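This is query24.cif. It holds mmCIF, C-alpha atoms.
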data_work
#
loop_
_atom_site.group_PDB
_atom_site.id
_atom_site.type_symbol
_atom_site.label_atom_id
_atom_site.label_comp_id
_atom_site.auth_asym_id
_atom_site.auth_seq_id
_atom_site.Cartn_x
_atom_site.Cartn_y
_atom_site.Cartn_z
ATOM 1 C CA MET A 953 99.568 23.840 78.031
ATOM 2 C CA ARG A 954 99.738 20.586 76.091
ATOM 3 C CA ASP A 955 97.609 19.952 73.003
ATOM 4 C CA ARG A 956 94.917 17.302 73.457
ATOM 5 C CA ASP A 957 92.532 15.516 71.114
ATOM 6 C CA GLU A 958 88.753 15.244 71.545
ATOM 7 C CA ALA A 959 89.163 12.324 73.963
ATOM 8 C CA GLY A 960 91.654 14.257 76.110
ATOM 9 C CA ARG A 961 94.701 12.265 74.983
ATOM 10 C CA PRO A 962 97.915 14.285 74.628
ATOM 11 C CA ARG A 963 98.723 15.314 71.060
ATOM 12 C CA ASN A 964 101.408 17.571 69.698
ATOM 13 C CA ALA A 965 99.815 19.820 67.099
ATOM 14 C CA ARG A 966 103.052 21.657 66.324
ATOM 15 C CA PRO A 967 104.368 21.215 62.801
ATOM 16 C CA ARG A 968 107.300 18.834 62.381
ATOM 17 C CA ASP A 969 110.339 18.665 60.141
ATOM 18 C CA ALA A 970 111.206 15.693 57.910
ATOM 19 C CA TYR A 971 112.842 13.921 60.872
ATOM 20 C CA GLY A 972 109.881 14.428 63.183
ATOM 21 C CA ARG A 973 111.360 17.236 65.263
ATOM 22 C CA PRO A 974 108.770 19.780 66.431
ATOM 23 C CA LEU A 975 108.993 23.169 64.767
ATOM 24 C CA PRO A 976 107.791 26.479 66.214
ATOM 25 C CA ARG A 977 104.044 27.040 66.027
ATOM 26 C CA GLY A 978 103.120 28.679 62.750
ATOM 27 C CA ALA A 979 106.133 27.251 60.876
ATOM 28 C CA VAL A 980 105.559 25.213 57.749
ATOM 29 C CA GLY A 981 106.310 21.569 58.428
ATOM 30 C CA VAL A 982 106.102 18.246 56.671
ATOM 31 C CA PRO A 983 102.601 16.761 56.637
ATOM 32 C CA THR A 984 102.094 14.058 59.254
ATOM 33 C CA LEU A 985 100.042 10.899 58.995
ATOM 34 C CA PRO A 986 96.559 10.519 60.434
ATOM 35 C CA ASP A 987 96.305 8.973 63.896
ATOM 36 C CA ASP A 988 93.758 6.448 62.651
ATOM 37 C CA LEU A 989 95.901 5.200 59.755
ATOM 38 C CA SER A 990 94.743 1.744 58.688
ATOM 39 C CA LEU A 991 96.619 -0.054 55.929
ATOM 40 C CA THR A 992 96.966 -3.649 54.800
ATOM 41 C CA PRO A 993 100.420 -5.155 55.387
ATOM 42 C CA ALA A 994 101.279 -4.721 51.691
ATOM 43 C CA GLU A 995 100.126 -1.086 51.733
ATOM 44 C CA ALA A 996 102.062 -0.391 54.940
ATOM 45 C CA LEU A 997 105.258 -1.855 53.495
ATOM 46 C CA THR A 998 104.844 0.086 50.238
ATOM 47 C CA GLU A 999 104.174 3.388 52.019
ATOM 48 C CA ALA A 1000 106.979 2.877 54.557
ATOM 49 C CA GLN A 1001 109.395 2.078 51.712
ATOM 50 C CA ARG A 1002 108.321 5.204 49.819
ATOM 51 C CA LEU A 1003 108.987 7.297 52.921
ATOM 52 C CA LEU A 1004 112.353 5.640 53.612
ATOM 53 C CA ASP A 1005 113.376 6.218 49.990
ATOM 54 C CA ALA A 1006 112.459 9.904 50.444
ATOM 55 C CA ASP A 1007 114.674 10.060 53.577
ATOM 56 C CA ARG A 1008 111.646 10.446 55.850
ATOM 57 C CA PRO A 1009 112.309 7.667 58.376
ATOM 58 C CA PHE A 1010 110.213 9.309 61.113
ATOM 59 C CA HIS A 1011 107.129 9.132 58.919
ATOM 60 C CA ALA A 1012 107.980 5.563 57.833
ATOM 61 C CA HIS A 1013 108.115 4.750 61.539
ATOM 62 C CA GLU A 1014 104.588 6.129 61.980
ATOM 63 C CA VAL A 1015 103.285 3.870 59.187
ATOM 64 C CA LEU A 1016 105.040 0.809 60.616
ATOM 65 C CA GLU A 1017 103.914 1.666 64.141
ATOM 66 C CA ALA A 1018 100.289 1.804 62.957
ATOM 67 C CA ALA A 1019 100.756 -1.650 61.393
ATOM 68 C CA TRP A 1020 102.324 -2.919 64.637
ATOM 69 C CA LYS A 1021 99.460 -1.634 66.773
ATOM 70 C CA SER A 1022 96.850 -3.247 64.528
ATOM 71 C CA ALA A 1023 98.719 -6.544 63.934
ATOM 72 C CA GLU A 1024 97.839 -9.744 65.679
ATOM 73 C CA GLU A 1025 100.206 -12.345 67.000
ATOM 74 C CA PRO A 1026 102.461 -13.820 65.791
ATOM 75 C CA GLU A 1027 103.311 -10.805 63.572
ATOM 76 C CA ARG A 1028 103.180 -7.995 66.134
ATOM 77 C CA GLU A 1029 106.875 -8.203 66.954
ATOM 78 C CA LEU A 1030 107.797 -8.191 63.250
ATOM 79 C CA TRP A 1031 106.027 -4.840 62.796
ATOM 80 C CA ARG A 1032 107.436 -3.545 66.059
ATOM 81 C CA GLY A 1033 110.957 -4.427 64.900
ATOM 82 C CA LEU A 1034 110.432 -2.742 61.527
ATOM 83 C CA ALA A 1035 109.128 0.379 63.280
ATOM 84 C CA GLN A 1036 112.212 0.346 65.516
ATOM 85 C CA VAL A 1037 114.500 0.191 62.466
ATOM 86 C CA ALA A 1038 112.805 3.288 61.053
ATOM 87 C CA VAL A 1039 113.018 5.186 64.339
ATOM 88 C CA GLY A 1040 116.641 4.061 64.681
ATOM 89 C CA ILE A 1041 117.334 5.672 61.305
ATOM 90 C CA THR A 1042 115.477 8.758 62.557
ATOM 91 C CA HIS A 1043 117.895 8.916 65.497
ATOM 92 C CA LEU A 1044 120.808 8.604 63.055
ATOM 93 C CA ARG A 1045 119.501 11.548 61.048
ATOM 94 C CA ARG A 1046 119.040 13.604 64.210
ATOM 95 C CA GLY A 1047 122.650 12.921 65.226
ATOM 96 C CA ASN A 1048 121.748 10.705 68.193
ATOM 97 C CA ALA A 1049 124.282 7.915 67.674
ATOM 98 C CA ARG A 1050 123.656 6.272 71.052
ATOM 99 C CA GLY A 1051 119.876 6.099 70.531
ATOM 100 C CA ALA A 1052 120.324 4.906 66.952
ATOM 101 C CA LYS A 1053 122.663 2.110 67.954
ATOM 102 C CA ALA A 1054 120.369 0.936 70.756
ATOM 103 C CA LEU A 1055 117.208 0.929 68.631
ATOM 104 C CA LEU A 1056 118.793 -0.620 65.561
ATOM 105 C CA THR A 1057 120.349 -3.401 67.656
ATOM 106 C CA ARG A 1058 117.070 -4.032 69.507
ATOM 107 C CA ALA A 1059 115.201 -4.079 66.182
ATOM 108 C CA ALA A 1060 117.595 -6.584 64.631
ATOM 109 C CA ASP A 1061 117.266 -8.858 67.673
ATOM 110 C CA ARG A 1062 113.457 -8.598 67.491
ATOM 111 C CA LEU A 1063 113.357 -9.355 63.750
ATOM 112 C CA GLU A 1064 115.749 -12.320 63.634
ATOM 113 C CA PRO A 1065 113.175 -14.942 64.697
ATOM 114 C CA TYR A 1066 111.155 -14.120 61.551
ATOM 115 C CA ALA A 1067 114.051 -14.848 59.163
ATOM 116 C CA PRO A 1068 113.221 -18.542 58.521
ATOM 117 C CA GLU A 1069 109.661 -17.745 57.347
ATOM 118 C CA PRO A 1070 109.351 -14.004 56.688
ATOM 119 C CA PRO A 1071 105.739 -12.806 56.396
ATOM 120 C CA HIS A 1072 104.516 -10.481 53.632
ATOM 121 C CA GLY A 1073 107.725 -10.764 51.612
ATOM 122 C CA VAL A 1074 109.719 -8.814 54.221
ATOM 123 C CA ASP A 1075 113.445 -9.267 53.590
ATOM 124 C CA VAL A 1076 114.092 -9.996 57.250
ATOM 125 C CA THR A 1077 117.658 -11.173 56.666
ATOM 126 C CA GLY A 1078 118.492 -8.055 54.649
ATOM 127 C CA VAL A 1079 116.813 -5.682 57.109
ATOM 128 C CA VAL A 1080 118.633 -7.308 60.043
ATOM 129 C CA ARG A 1081 121.962 -7.109 58.209
ATOM 130 C CA GLN A 1082 121.392 -3.426 57.352
ATOM 131 C CA ALA A 1083 120.223 -2.567 60.889
ATOM 132 C CA ARG A 1084 123.350 -4.143 62.394
ATOM 133 C CA SER A 1085 125.564 -2.371 59.855
ATOM 134 C CA LEU A 1086 123.947 0.987 60.627
ATOM 135 C CA ALA A 1087 124.262 0.346 64.375
ATOM 136 C CA ALA A 1088 127.980 -0.369 63.932
ATOM 137 C CA ARG A 1089 128.518 2.971 62.175
ATOM 138 C CA ALA A 1090 125.954 5.012 64.097
ATOM 139 C CA ALA A 1091 128.425 7.846 64.675
ATOM 140 C CA ASP A 1092 128.153 8.706 60.957
ATOM 141 C CA SER A 1093 124.710 10.375 60.885
ATOM 142 C CA ASN A 1094 125.148 11.281 57.207
ATOM 143 C CA ALA A 1095 125.820 7.729 56.072
ATOM 144 C CA PRO A 1096 123.629 6.763 53.136
ATOM 145 C CA VAL A 1097 120.770 4.451 54.041
ATOM 146 C CA ARG A 1098 119.381 2.231 51.330
ATOM 147 C CA LEU A 1099 117.085 -0.015 53.273
ATOM 148 C CA ARG A 1100 114.807 -2.383 51.360
ATOM 149 C CA LEU A 1101 111.957 -3.741 53.468
ATOM 150 C CA THR A 1102 110.901 -6.432 51.005
ATOM 151 C CA SER A 1103 112.773 -8.694 48.673
ATOM 152 C CA SER A 1104 110.876 -7.308 45.679
ATOM 153 C CA PRO A 1105 111.946 -3.923 44.253
#

As structure tokens, please, write out the structure in this file.
Amino acid sequence: MRDRDEAGRPRNARPRDAYGRPLPRGAVGVPTLPDDLSLTPAEALTEAQRLLDADRPFHAHEVLEAAWKSAEEPERELWRGLAQVAVGITHLRRGNARGAKALLTRAADRLEPYAPEPPHGVDVTGVVRQARSLAARAADSNAPVRLRLTSSP
């Protein structure tokens, strides 16, 4: 029987590891983020960067996905692309080279239109370059990932 929230929507209450994989019930997992996460763009970028730096791309994806779902046009696709980069890195860490390559390539394509005027200080050119580089070497799931989301340190 699948876990559901108060509104009846499916939820997975099982604990998860650092890469978002479900663990057996009762196991100790990595804390997840609240479903109603609401951050400013600057807060979302800071938190996602902190999680990426800690090699927790699945959780960075959750932060960026929350920003994507709350963003308005014309920035929605920027946040969607950033979330896809993080989930692409998650696939790398899980050893899913095919999924990683597909998501990282799709993310880079989605982000490129923002390069001329990147919102919120996002280093779109750098993120695109890194996503394409990771996609090209997706078979190496242990490759170091030093992704910087913004141009400021």

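Shell of A:Arg973 at 12 Å, with all atoms listed in the file counted and residues fewer than 2 places along the chain excluded, is Asn964, Ala965, Arg966, Pro967, Arg968, Asp969, Ala970, Tyr971, Leu975, Pro976, Gly981, Val982, Thr984, Arg1008, Pro1009, Phe1010, His1011, Thr1042, His1043, Arg1045 and Arg1046 of chain A.
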
How big is the axis-aligned box around the listed atoms of stretch 1029-1033 of chain A once 6 Å is added on each side, and where is its centre? Give both in Å to one decimal, as AutoDock Vina command-line options.
--center_x 108.5 --center_y -5.9 --center_z 64.9 --size_x 16.9 --size_y 16.7 --size_z 16.2

Test item: residues at most 12 Å from stretch 1024-1026 of chain A, only C-alpha atoms, excluding those fewer than 3 positions along its chain, as JSON, numbers by chain: {"A": [993, 1019, 1020, 1021, 1029, 1030, 1031, 1032, 1063, 1065, 1066, 1069, 1070, 1071]}

A:Leu991, A:Leu1044, A:Leu1101, A:Ala1067 ranked by distance to A:Ser1022, top pick (using all atoms listed in the file): A:Leu991

Distance query 12 Å from (111.0, -0.1, 59.7) using all atoms listed in the file, result as a PyMOL selection string: chain A and resi 996-1005+1008-1020+1029-1042+1055-1056+1059-1060+1062-1063+1074-1076+1079-1080+1082-1083+1099-1102

Point-to-point distance in Å for atom CA of A:Arg1081 and atom CA of A:Glu1027: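 Going from atom CA of A:Glu1027 over to atom CA of A:Arg1081, I get 19.8 Å.
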
Separation of atom CA of A:Val1097 from atom CA of A:Thr1077 in Å: 16.1 Å

Which residue of A:His1072, A:Ser1104, A:Ala1091, A:Arg1028 approaches A:Asn1048 most closely, using all atoms listed in the file: A:Ala1091
